[in-house]
file upload.pdb (PDB, C-alpha atoms and all ligand atoms)
ATOM      1  CA  MET D   1      84.583  54.725-109.143
ATOM      2  CA  ASP D   2      87.571  53.814-111.265
ATOM      3  CA  LYS D   3      90.432  56.203-110.644
ATOM      4  CA  ASN D   4      90.661  57.038-114.309
ATOM      5  CA  TYR D   5      87.072  58.195-114.414
ATOM      6  CA  ARG D   6      85.972  61.692-113.529
ATOM      7  CA  ARG D   7      82.719  63.592-113.211
ATOM      8  CA  CYS D   8      81.854  66.710-115.187
ATOM      9  CA  ILE D   9      81.227  69.732-112.944
ATOM     10  CA  SER D  10      78.343  70.823-115.187
ATOM     11  CA  CYS D  11      76.316  67.801-116.242
ATOM     12  CA  ARG D  12      77.692  65.244-113.742
ATOM     13  CA  LYS D  13      78.416  62.785-116.491
ATOM     14  CA  VAL D  14      81.102  60.254-115.584
ATOM     15  CA  ALA D  15      83.674  59.465-118.253
ATOM     16  CA  PRO D  16      87.365  58.696-118.685
ATOM     17  CA  LYS D  17      89.295  61.738-117.608
ATOM     18  CA  SER D  18      90.853  62.099-121.044
ATOM     19  CA  ASP D  19      87.406  63.112-122.328
ATOM     20  CA  PHE D  20      87.371  66.220-120.189
ATOM     21  CA  TRP D  21      89.117  69.505-119.880
ATOM     22  CA  ARG D  22      91.019  69.611-116.623
ATOM     23  CA  ILE D  23      91.145  72.772-114.549
ATOM     24  CA  VAL D  24      93.736  72.566-111.805
ATOM     25  CA  ARG D  25      94.047  74.503-108.602
ATOM     26  CA  VAL D  26      97.792  74.319-108.349
ATOM     27  CA  HIS D  27      99.324  73.575-104.995
ATOM     28  CA  PRO D  28     100.491  75.587-103.143
ATOM     29  CA  SER D  29      99.965  78.797-105.123
ATOM     30  CA  GLN D  30      96.174  78.208-105.552
ATOM     31  CA  GLU D  31      96.468  79.531-109.082
ATOM     32  CA  LEU D  32      94.103  78.050-111.638
ATOM     33  CA  GLN D  33      95.531  76.591-114.785
ATOM     34  CA  LEU D  34      94.551  74.137-117.477
ATOM     35  CA  ASP D  35      95.728  70.583-118.086
ATOM     36  CA  GLU D  36      98.877  70.487-116.018
ATOM     37  CA  GLY D  37      99.955  70.770-112.444
ATOM     38  CA  MET D  38      99.521  69.038-109.145
ATOM     39  CA  GLY D  39      96.512  69.903-107.082
ATOM     40  CA  ARG D  40      92.776  69.646-106.809
ATOM     41  CA  SER D  41      91.162  69.456-110.223
ATOM     42  CA  ALA D  42      87.794  70.053-111.794
ATOM     43  CA  TYR D  43      86.704  68.309-114.976
ATOM     44  CA  LEU D  44      84.446  69.618-117.689
ATOM     45  CA  CYS D  45      83.048  68.059-120.871
ATOM     46  CA  GLN D  46      84.517  69.589-123.986
ATOM     47  CA  THR D  47      81.158  70.876-125.132
ATOM     48  CA  GLU D  48      79.525  74.250-125.538
ATOM     49  CA  ALA D  49      76.627  73.195-123.309
ATOM     50  CA  CYS D  50      78.795  72.214-120.356
ATOM     51  CA  LEU D  51      81.068  75.205-120.707
ATOM     52  CA  GLN D  52      78.074  77.509-120.753
ATOM     53  CA  THR D  53      76.532  75.824-117.721
ATOM     54  CA  ALA D  54      79.793  75.927-115.792
ATOM     55  CA  GLN D  55      80.165  79.614-116.472
ATOM     56  CA  LYS D  56      76.609  80.408-115.505
ATOM     57  CA  LYS D  57      76.796  78.416-112.286
ATOM     58  CA  LYS D  58      80.341  79.493-111.479
ATOM     59  CA  ALA D  59      81.034  75.787-111.269
ATOM     60  CA  ILE D  60      84.803  76.037-111.304
ATOM     61  CA  ARG D  61      84.813  78.388-108.366
ATOM     62  CA  ARG D  62      82.362  76.227-106.474
ATOM     63  CA  SER D  63      84.239  73.067-107.206
ATOM     64  CA  LEU D  64      87.718  74.346-106.401
ATOM     65  CA  ARG D  65      86.791  77.012-103.844
ATOM     66  CA  VAL D  66      89.000  79.725-105.267
ATOM     67  CA  PRO D  67      88.309  82.979-107.046
ATOM     68  CA  GLU D  68      88.059  82.215-110.721
ATOM     69  CA  ARG D  69      90.756  83.410-112.991
ATOM     70  CA  PRO D  70      88.845  85.844-115.171
ATOM     71  CA  ASP D  71      90.308  84.430-118.343
ATOM     72  CA  ILE D  72      89.801  80.748-117.604
ATOM     73  CA  TYR D  73      86.471  80.509-119.408
ATOM     74  CA  GLN D  74      87.826  82.619-122.216
ATOM     75  CA  LEU D  75      90.613  80.091-122.703
ATOM     76  CA  LEU D  76      88.107  77.260-122.787
ATOM     77  CA  TRP D  77      85.898  79.036-125.307
ATOM     78  CA  GLU D  78      88.906  79.494-127.520
ATOM     79  CA  ARG D  79      89.648  75.790-127.294
ATOM     80  CA  LEU D  80      86.108  74.981-128.226
ATOM     81  CA  ASP D  81      86.349  77.151-131.316
ATOM     82  CA  LYS D  82      89.594  75.512-132.327
ATOM     83  CA  GLY D  83      88.279  72.052-131.653
ATOM     84  CA  GLN D  84      85.308  72.348-133.938
ATOM     85  CA  PRO D  85      85.538  71.341-137.568
ATOM     86  CA  SER D  86      85.498  74.385-139.790
TER
HETATM   87 ZN    ZN S   1      79.367  67.800-118.880
END
call {"tool": "encode", "arguments": {"input": "upload.pdb", "output": "structure tokens"}}
result
Amino acid sequence: MDKNYRRCISCRKVAPKSDFWRIVRVHPSQELQLDEGMGRSAYLCQTEACLQTAQKKKAIRRSLRVPERPDIYQLLWERLDKGQPS
């Protein structure tokens, strides 16, 4: 796989990483954050369907093996709202 391609943790679609939200388990603090930081990352399509699936399956926690930050999905939902044409 090309290094600039990533797989969505919900639907398993492969796409350029710029298409996805990036959730990072920052090293060494193990804190979760969005977009920035060095560490293991999970990628998620910027869609309602994939966000919903990820939340239901606890996909971020399973992918990154850390307790989920309670507000991480909330932040993504807010992004989704902002990203949609009004
Ligand atoms: Zn997806």
call {"tool": "resolve_selection", "arguments": {"input": "upload.pdb", "expression": "the PyMOL selection byres (((chain D and resi 18-28) around 9) and not hetatm)", "output": "JSON, numbers by chain"}}
result
{"D": [4, 5, 6, 7, 8, 15, 16, 17, 29, 30, 31, 32, 33, 34, 35, 36, 37, 38, 39, 40, 41, 42, 43, 44, 45, 46, 60, 64, 66, 72, 76]}
call {"tool": "atom_distance", "arguments": {"input": "upload.pdb", "atom1": "CA of Asp81 (chain D)", "atom2": "CA of Arg62 (chain D)"}}
result
25.2 Å
call {"tool": "atom_distance", "arguments": {"input": "upload.pdb", "atom1": "CA of Thr47 (chain D)", "atom2": "atom ZN of ligand ZN 1 (chain S)"}}
result
7.2 Å
call {"tool": "closest_residue", "arguments": {"input": "upload.pdb", "among": "D:Leu75, D:Pro67, D:Arg12, D:Gln55", "to": "ligand ZN 1 (chain S)", "atoms": "all atoms listed in the file"}}
result
D:Arg12
call {"tool": "residues_near_point", "arguments": {"input": "upload.pdb", "point": "(85.1, 76.3, -117.9)", "cutoff": "6 Å", "atoms": "only C-alpha atoms", "output": "tab-separated table (two decimals) with C-alpha atoms, in the coordinates of the input"}}
result
chain	number	residue	atom	x	y	z
D	51	LEU	CA	81.07	75.20	-120.71
D	54	ALA	CA	79.79	75.93	-115.79
D	73	TYR	CA	86.47	80.51	-119.41
D	76	LEU	CA	88.11	77.26	-122.79
call {"tool": "atom_distance", "arguments": {"input": "upload.pdb", "atom1": "CA of Ser10 (chain D)", "atom2": "CA of Trp77 (chain D)"}}
result
15.1 Å
call {"tool": "closest_residue", "arguments": {"input": "upload.pdb", "among": "D:Arg65, D:Lys13, D:Lys82, D:Lys3", "to": "ligand ZN 1 (chain S)", "atoms": "only C-alpha atoms and all ligand atoms"}}
result
D:Lys13
call {"tool": "closest_residue", "arguments": {"input": "upload.pdb", "among": "D:Thr53, D:Ile9, D:Arg61, D:Glu48", "to": "Arg79 (chain D)", "atoms": "only C-alpha atoms"}}
result
D:Glu48
call {"tool": "axis_aligned_box", "arguments": {"input": "upload.pdb", "around": "region 53-71 of chain D", "padding_each_side": "4 Å", "output": "AutoDock Vina command-line options"}}
result
--center_x 83.6 --center_y 79.5 --center_z -111.1 --size_x 22.2 --size_y 20.8 --size_z 22.5
call {"tool": "closest_residue", "arguments": {"input": "upload.pdb", "among": "D:Glu78, D:Ser63, D:Asp71, D:Gln52", "to": "ligand ZN 1 (chain S)", "atoms": "only C-alpha atoms and all ligand atoms"}}
result
D:Gln52
call {"tool": "build_atoms", "arguments": {"input": "upload.pdb", "residues": "region 30-52 of chain D", "atoms": "N, CA, C and O atoms", "output": "compact mmCIF listing (two decimals), in the coordinates of the input"}}
result
# COMPACT_ATOMS: atom_id res chain seq x y z
N GLN D 30 97.62 78.04 -105.38
CA GLN D 30 96.17 78.21 -105.55
C GLN D 30 95.80 78.85 -106.88
O GLN D 30 94.66 79.22 -107.10
N GLU D 31 96.77 79.00 -107.76
CA GLU D 31 96.47 79.53 -109.08
C GLU D 31 95.69 78.49 -109.89
O GLU D 31 95.94 77.28 -109.76
N LEU D 32 94.79 78.97 -110.73
CA LEU D 32 94.10 78.05 -111.64
C LEU D 32 94.87 77.96 -112.94
O LEU D 32 95.33 78.96 -113.48
N GLN D 33 94.98 76.75 -113.45
CA GLN D 33 95.53 76.59 -114.78
C GLN D 33 94.91 75.38 -115.44
O GLN D 33 94.21 74.59 -114.79
N LEU D 34 95.16 75.23 -116.72
CA LEU D 34 94.55 74.14 -117.48
C LEU D 34 95.55 73.01 -117.70
O LEU D 34 96.74 73.26 -117.90
N ASP D 35 95.02 71.80 -117.65
CA ASP D 35 95.73 70.58 -118.09
C ASP D 35 96.81 70.08 -117.15
O ASP D 35 96.89 68.89 -116.90
N GLU D 36 97.69 70.97 -116.70
CA GLU D 36 98.88 70.49 -116.02
C GLU D 36 98.98 71.05 -114.62
O GLU D 36 98.48 72.13 -114.33
N GLY D 37 99.69 70.31 -113.80
CA GLY D 37 99.96 70.77 -112.44
C GLY D 37 99.40 69.81 -111.42
O GLY D 37 98.50 69.03 -111.70
N MET D 38 99.97 69.87 -110.24
CA MET D 38 99.52 69.04 -109.14
C MET D 38 98.55 69.84 -108.30
O MET D 38 98.82 70.99 -107.97
N GLY D 39 97.45 69.21 -107.94
CA GLY D 39 96.51 69.90 -107.08
C GLY D 39 95.11 69.43 -107.34
O GLY D 39 94.88 68.55 -108.17
N ARG D 40 94.17 70.02 -106.63
CA ARG D 40 92.78 69.65 -106.81
C ARG D 40 92.33 70.05 -108.20
O ARG D 40 92.63 71.14 -108.68
N SER D 41 91.56 69.20 -108.85
CA SER D 41 91.16 69.46 -110.22
C SER D 41 89.65 69.39 -110.40
O SER D 41 88.97 68.67 -109.68
N ALA D 42 89.18 70.14 -111.36
CA ALA D 42 87.79 70.05 -111.79
C ALA D 42 87.80 69.60 -113.25
O ALA D 42 88.70 69.92 -114.01
N TYR D 43 86.77 68.85 -113.62
CA TYR D 43 86.70 68.31 -114.98
C TYR D 43 85.43 68.78 -115.65
O TYR D 43 84.38 68.89 -115.01
N LEU D 44 85.56 69.05 -116.94
CA LEU D 44 84.45 69.62 -117.69
C LEU D 44 84.40 68.99 -119.08
O LEU D 44 85.44 68.90 -119.75
N CYS D 45 83.21 68.58 -119.51
CA CYS D 45 83.05 68.06 -120.87
C CYS D 45 83.51 69.12 -121.87
O CYS D 45 83.30 70.30 -121.67
N GLN D 46 84.04 68.65 -122.97
CA GLN D 46 84.52 69.59 -123.99
C GLN D 46 83.37 69.95 -124.92
O GLN D 46 83.42 69.71 -126.12
N THR D 47 82.33 70.51 -124.35
CA THR D 47 81.16 70.88 -125.13
C THR D 47 80.72 72.29 -124.78
O THR D 47 80.95 72.78 -123.67
N GLU D 48 80.04 72.91 -125.75
CA GLU D 48 79.53 74.25 -125.54
C GLU D 48 78.53 74.26 -124.38
O GLU D 48 78.53 75.15 -123.54
N ALA D 49 77.67 73.24 -124.33
CA ALA D 49 76.63 73.19 -123.31
C ALA D 49 77.23 73.18 -121.90
O ALA D 49 76.79 73.91 -121.02
N CYS D 50 78.22 72.33 -121.70
CA CYS D 50 78.80 72.21 -120.36
C CYS D 50 79.64 73.43 -120.01
O CYS D 50 79.66 73.86 -118.85
N LEU D 51 80.29 74.00 -120.97
CA LEU D 51 81.07 75.20 -120.71
C LEU D 51 80.14 76.35 -120.32
O LEU D 51 80.39 77.09 -119.35
N GLN D 52 79.04 76.46 -121.04
CA GLN D 52 78.07 77.51 -120.75
C GLN D 52 77.47 77.33 -119.35
O GLN D 52 77.35 78.29 -118.58
